[in-house]
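Below is upload02.cif, holding mmCIF, C-alpha atoms and all ligand atoms.
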```cif
data_protein
loop_
_atom_site.label_atom_id
_atom_site.label_comp_id
_atom_site.auth_asym_id
_atom_site.auth_seq_id
_atom_site.Cartn_x
_atom_site.Cartn_y
_atom_site.Cartn_z
CA MET A 45 8.44 -17.33 31.14
CA ASP A 46 11.38 -15.08 30.22
CA GLU A 47 12.58 -17.16 27.33
CA VAL A 48 9.07 -17.45 25.99
CA ASP A 49 8.40 -13.74 26.37
CA LYS A 50 11.23 -12.95 24.01
CA LEU A 51 9.56 -15.04 21.37
CA TYR A 52 6.18 -13.47 21.65
CA GLN A 53 6.12 -11.15 18.78
CA GLU A 54 3.06 -9.20 17.91
CA VAL A 55 2.11 -11.48 15.04
CA ILE A 56 2.39 -14.64 17.10
CA LEU A 57 0.24 -13.23 19.88
CA ASP A 58 -2.34 -11.98 17.44
CA HIS A 59 -2.69 -15.40 15.82
CA TYR A 60 -2.79 -17.07 19.22
CA LYS A 61 -5.59 -14.83 20.47
CA ASN A 62 -7.49 -14.73 17.19
CA PRO A 63 -6.70 -17.98 15.39
CA ARG A 64 -7.51 -18.00 11.68
CA ASN A 65 -9.34 -20.96 10.14
CA PHE A 66 -10.21 -22.34 13.56
CA GLY A 67 -12.84 -25.06 13.37
CA VAL A 68 -13.71 -28.41 11.86
CA ILE A 69 -14.41 -29.45 8.26
CA GLU A 70 -17.13 -32.09 8.34
CA ASN A 71 -16.02 -34.24 5.41
CA PRO A 72 -12.34 -33.60 4.92
CA THR A 73 -10.45 -35.42 2.18
CA HIS A 74 -7.42 -35.45 4.51
CA SER A 75 -7.04 -35.04 8.27
CA ALA A 76 -4.61 -35.79 11.07
CA ILE A 77 -4.02 -35.13 14.73
CA GLY A 78 -0.66 -34.05 16.08
CA ARG A 79 0.57 -34.08 19.65
CA ASN A 80 3.66 -32.66 21.30
CA PRO A 81 3.76 -34.33 24.74
CA LEU A 82 6.82 -32.30 25.74
CA CYS A 83 4.70 -29.16 25.90
CA GLY A 84 1.14 -30.51 25.88
CA ASP A 85 0.36 -29.07 22.44
CA HIS A 86 -2.40 -30.56 20.37
CA VAL A 87 -3.42 -29.80 16.77
CA ALA A 88 -6.17 -31.40 14.68
CA LEU A 89 -6.05 -30.53 11.00
CA TYR A 90 -8.78 -30.89 8.37
CA LEU A 91 -8.24 -30.39 4.64
CA ILE A 92 -10.11 -30.44 1.38
CA ILE A 93 -7.66 -31.28 -1.41
CA GLU A 94 -8.69 -31.46 -5.06
CA ASN A 95 -6.29 -32.18 -7.90
CA ASP A 96 -3.31 -31.66 -5.60
CA ILE A 97 -4.53 -28.19 -4.62
CA ILE A 98 -5.51 -27.31 -1.05
CA LYS A 99 -9.01 -25.91 -1.39
CA ASP A 100 -9.82 -25.50 2.27
CA VAL A 101 -8.14 -26.05 5.61
CA LYS A 102 -9.19 -25.66 9.23
CA PHE A 103 -7.66 -26.63 12.54
CA LYS A 104 -8.56 -27.08 16.16
CA GLY A 105 -6.00 -27.10 18.89
CA LEU A 106 -4.86 -26.47 22.39
CA GLY A 107 -1.46 -25.59 23.66
CA CYS A 108 1.16 -22.90 23.92
CA ALA A 109 1.04 -19.68 21.93
CA ILE A 110 3.78 -20.79 19.54
CA SER A 111 2.07 -24.05 18.61
CA GLN A 112 -1.32 -22.46 18.10
CA ALA A 113 -0.02 -19.37 16.28
CA SER A 114 2.01 -21.64 14.02
CA ALA A 115 -1.12 -23.63 13.12
CA SER A 116 -3.08 -20.43 12.50
CA ILE A 117 -0.39 -18.85 10.32
CA MET A 118 0.15 -22.11 8.44
CA THR A 119 -3.54 -22.49 7.60
CA SER A 120 -3.68 -18.85 6.49
CA ILE A 121 -1.07 -19.43 3.78
CA LEU A 122 -2.05 -22.91 2.53
CA LYS A 123 -5.19 -22.20 0.54
CA ASN A 124 -4.91 -22.62 -3.23
CA ARG A 125 -1.34 -23.88 -3.03
CA ASN A 126 -0.39 -27.13 -4.69
CA LEU A 127 1.09 -29.93 -2.67
CA SER A 128 4.63 -29.76 -4.00
CA GLU A 129 4.72 -26.05 -3.17
CA VAL A 130 3.48 -26.89 0.33
CA ARG A 131 6.19 -29.50 0.85
CA GLN A 132 8.83 -27.00 -0.26
CA LEU A 133 7.48 -24.45 2.21
CA PHE A 134 7.72 -27.01 4.98
CA GLU A 135 11.35 -27.78 4.06
CA LYS A 136 12.24 -24.09 4.12
CA PHE A 137 10.37 -23.46 7.36
CA HIS A 138 12.05 -26.45 8.96
CA SER A 139 15.52 -25.26 7.98
CA LEU A 140 14.69 -21.74 9.18
CA LEU A 141 14.11 -23.25 12.62
CA THR A 142 16.83 -25.87 12.76
CA SER A 143 19.73 -24.95 10.52
CA ASP A 144 22.65 -22.76 11.47
CA ALA A 145 22.92 -21.43 7.97
CA PRO A 146 22.13 -17.73 7.70
CA THR A 147 18.43 -17.25 7.10
CA ASN A 148 18.94 -14.66 4.40
CA GLY A 149 18.52 -17.40 1.82
CA VAL A 150 15.00 -17.90 3.11
CA THR A 151 13.35 -14.62 2.38
CA ASP A 152 10.18 -15.82 0.71
CA LEU A 153 8.62 -17.36 3.79
CA GLY A 154 6.54 -14.27 4.48
CA LYS A 155 4.66 -14.52 7.75
CA LEU A 156 6.46 -17.72 8.69
CA GLU A 157 9.60 -15.71 9.35
CA VAL A 158 8.16 -14.50 12.66
CA PHE A 159 9.22 -17.88 14.03
CA ALA A 160 12.91 -17.41 13.17
CA GLY A 161 13.68 -16.51 16.82
CA VAL A 162 12.39 -19.90 17.96
CA LYS A 163 15.66 -21.40 16.74
CA GLU A 164 17.34 -20.00 19.87
CA PHE A 165 15.07 -22.20 22.02
CA PRO A 166 15.38 -25.81 20.83
CA THR A 167 12.58 -27.11 23.06
CA ARG A 168 10.22 -24.69 21.31
CA VAL A 169 11.08 -25.81 17.80
CA LYS A 170 8.75 -28.80 18.19
CA CYS A 171 5.95 -26.40 19.14
CA ALA A 172 6.47 -24.37 15.97
CA THR A 173 6.73 -27.38 13.67
CA LEU A 174 3.87 -29.46 15.17
CA ALA A 175 1.20 -28.14 12.80
CA TRP A 176 3.50 -28.73 9.83
CA HIS A 177 4.36 -32.29 10.80
CA THR A 178 0.65 -32.90 11.28
CA LEU A 179 0.02 -31.48 7.82
CA ILE A 180 2.61 -33.75 6.18
CA ASN A 181 1.06 -36.73 7.99
CA ALA A 182 -2.40 -35.75 6.77
CA LEU A 183 -1.11 -35.53 3.19
CA GLU A 184 0.29 -39.03 3.55
CA ASN A 185 -2.93 -40.34 5.09
CA ASN A 186 -1.36 -40.96 8.48
CA LYS A 187 -3.92 -40.02 11.06
CA GLU A 188 -1.69 -39.29 13.99
CA PHE A 189 1.62 -37.58 14.57
CA ILE A 190 3.33 -37.63 17.96
CA GLU A 191 6.51 -35.68 18.63
CA LYS A 192 9.27 -37.70 20.19
CA GLY A 193 11.44 -36.25 22.92
ZN ZN B 201 4.33 -25.76 22.86
#
```
Turn this file's structure into structure tokens for me.
Amino acid sequence: MDEVDKLYQEVILDHYKNPRNFGVIENPTHSAIGRNPLCGDHVALYLIIENDIIKDVKFKGLGCAISQASASIMTSILKNRNLSEVRQLFEKFHSLLTSDAPTNGVTDLGKLEVFAGVKEFPTRVKCATLAWHTLINALENNKEFIEKG
């Protein structure tokens, strides 16, 4: 638990305990399920997209605090963004978590920056990116995303 404790910042815990946009959209234009078998994380994502703009998004999930907080924070920043903007955010978020380059070039990630510390714990990176990989799959009409070990 020690390594995980270090990662639990206030924002992550808050989103874990009180997930935003938690639920199901009955007739989504896009949806996908993501699984991270390494940790047992599970995220189902539902979206309404019109004219390349995300109009609504909800998720349901189970798993560790990082995976669920990441899904909650992601859904809280997606609404009314266009899809190319969303893909750019994913690229930046991914490099925040995986690249050794200093993160000071990535200052416009807002709330997503709370996950910067996850980089120190490679097995947790898949937890933090699960919701995002699921999102990209949903956008590409792939219904299922499974992390590989
Ligand atoms: Zn996890």
Please, what distance in Å, to one decimal, runs between CA of His86 (chain A) and CA of Asp152 (chain A)? 27.6 Å
Identify, on the basis of all atoms listed in the file, every residue whose closest approach to Ala182 (chain A) does not exceed 9 Å; exclude the query and any residue fewer than 5 positions from it along the same chain; express the result as a list in words. His74, Ser75, Ala76, Ile77, Leu89, Tyr90, Leu91, His177, Lys187, Glu188 and Phe189 of chain A
May I have the residues from that selection written out with C-alpha atoms, as a PDB file, in the coordinates of the input?
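Saved file again_7.pdb follows:
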```pdb
ATOM      1  CA  HIS A  74      -7.420 -35.450   4.510  1.00  0.00           C
ATOM      2  CA  SER A  75      -7.040 -35.040   8.270  1.00  0.00           C
ATOM      3  CA  ALA A  76      -4.610 -35.790  11.070  1.00  0.00           C
ATOM      4  CA  ILE A  77      -4.020 -35.130  14.730  1.00  0.00           C
ATOM      5  CA  LEU A  89      -6.050 -30.530  11.000  1.00  0.00           C
ATOM      6  CA  TYR A  90      -8.780 -30.890   8.370  1.00  0.00           C
ATOM      7  CA  LEU A  91      -8.240 -30.390   4.640  1.00  0.00           C
ATOM      8  CA  HIS A 177       4.360 -32.290  10.800  1.00  0.00           C
ATOM      9  CA  LYS A 187      -3.920 -40.020  11.060  1.00  0.00           C
ATOM     10  CA  GLU A 188      -1.690 -39.290  13.990  1.00  0.00           C
ATOM     11  CA  PHE A 189       1.620 -37.580  14.570  1.00  0.00           C
TER      12      PHE A 189
END
```
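Considering only C-alpha atoms, the residue among A:Asn124, A:Thr167, A:Asn181, A:Asn65 positioned nearest to Lys104 (chain A) is A:Asn65.
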Would you list the residues that come within 12 Å of ligand ZN 201 (chain B)? Count only C-alpha atoms and all ligand atoms and give the answer as a ChimeraX atom specification. /A:48,60,78-87,105-115,162,165-175,191
How would the residues just chosen look if you wrote them out with C-alpha atoms as an mmCIF file, keeping the file's coordinate frame?
```cif
data_model
loop_
_atom_site.group_PDB
_atom_site.id
_atom_site.type_symbol
_atom_site.label_atom_id
_atom_site.label_comp_id
_atom_site.auth_asym_id
_atom_site.auth_seq_id
_atom_site.Cartn_x
_atom_site.Cartn_y
_atom_site.Cartn_z
ATOM 1 C CA VAL A 48 9.070 -17.450 25.990
ATOM 2 C CA TYR A 60 -2.790 -17.070 19.220
ATOM 3 C CA GLY A 78 -0.660 -34.050 16.080
ATOM 4 C CA ARG A 79 0.570 -34.080 19.650
ATOM 5 C CA ASN A 80 3.660 -32.660 21.300
ATOM 6 C CA PRO A 81 3.760 -34.330 24.740
ATOM 7 C CA LEU A 82 6.820 -32.300 25.740
ATOM 8 C CA CYS A 83 4.700 -29.160 25.900
ATOM 9 C CA GLY A 84 1.140 -30.510 25.880
ATOM 10 C CA ASP A 85 0.360 -29.070 22.440
ATOM 11 C CA HIS A 86 -2.400 -30.560 20.370
ATOM 12 C CA VAL A 87 -3.420 -29.800 16.770
ATOM 13 C CA GLY A 105 -6.000 -27.100 18.890
ATOM 14 C CA LEU A 106 -4.860 -26.470 22.390
ATOM 15 C CA GLY A 107 -1.460 -25.590 23.660
ATOM 16 C CA CYS A 108 1.160 -22.900 23.920
ATOM 17 C CA ALA A 109 1.040 -19.680 21.930
ATOM 18 C CA ILE A 110 3.780 -20.790 19.540
ATOM 19 C CA SER A 111 2.070 -24.050 18.610
ATOM 20 C CA GLN A 112 -1.320 -22.460 18.100
ATOM 21 C CA ALA A 113 -0.020 -19.370 16.280
ATOM 22 C CA SER A 114 2.010 -21.640 14.020
ATOM 23 C CA ALA A 115 -1.120 -23.630 13.120
ATOM 24 C CA VAL A 162 12.390 -19.900 17.960
ATOM 25 C CA PHE A 165 15.070 -22.200 22.020
ATOM 26 C CA PRO A 166 15.380 -25.810 20.830
ATOM 27 C CA THR A 167 12.580 -27.110 23.060
ATOM 28 C CA ARG A 168 10.220 -24.690 21.310
ATOM 29 C CA VAL A 169 11.080 -25.810 17.800
ATOM 30 C CA LYS A 170 8.750 -28.800 18.190
ATOM 31 C CA CYS A 171 5.950 -26.400 19.140
ATOM 32 C CA ALA A 172 6.470 -24.370 15.970
ATOM 33 C CA THR A 173 6.730 -27.380 13.670
ATOM 34 C CA LEU A 174 3.870 -29.460 15.170
ATOM 35 C CA ALA A 175 1.200 -28.140 12.800
ATOM 36 C CA GLU A 191 6.510 -35.680 18.630
#
```
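Of the residues listed (A:Ile180, A:Ile117, A:Ala160, A:Ala88), A:Ile180 shows the shortest atom-to-atom separation from Arg131 (chain A); distances use all atoms listed in the file.
Note that the spacing between CA of Pro72 (chain A) and CA of Asn185 (chain A) amounts to 11.6 Å.
Coordinates place CA of Leu57 (chain A) at a distance of 18.4 Å from CA of Glu164 (chain A).
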If you count all atoms listed in the file, which residues fall within 10 Å of Ile121 (chain A), apart from same-chain ones fewer than 3 positions away, as number ranges by chain? A: 101, 116-118, 124-125, 130, 153-156
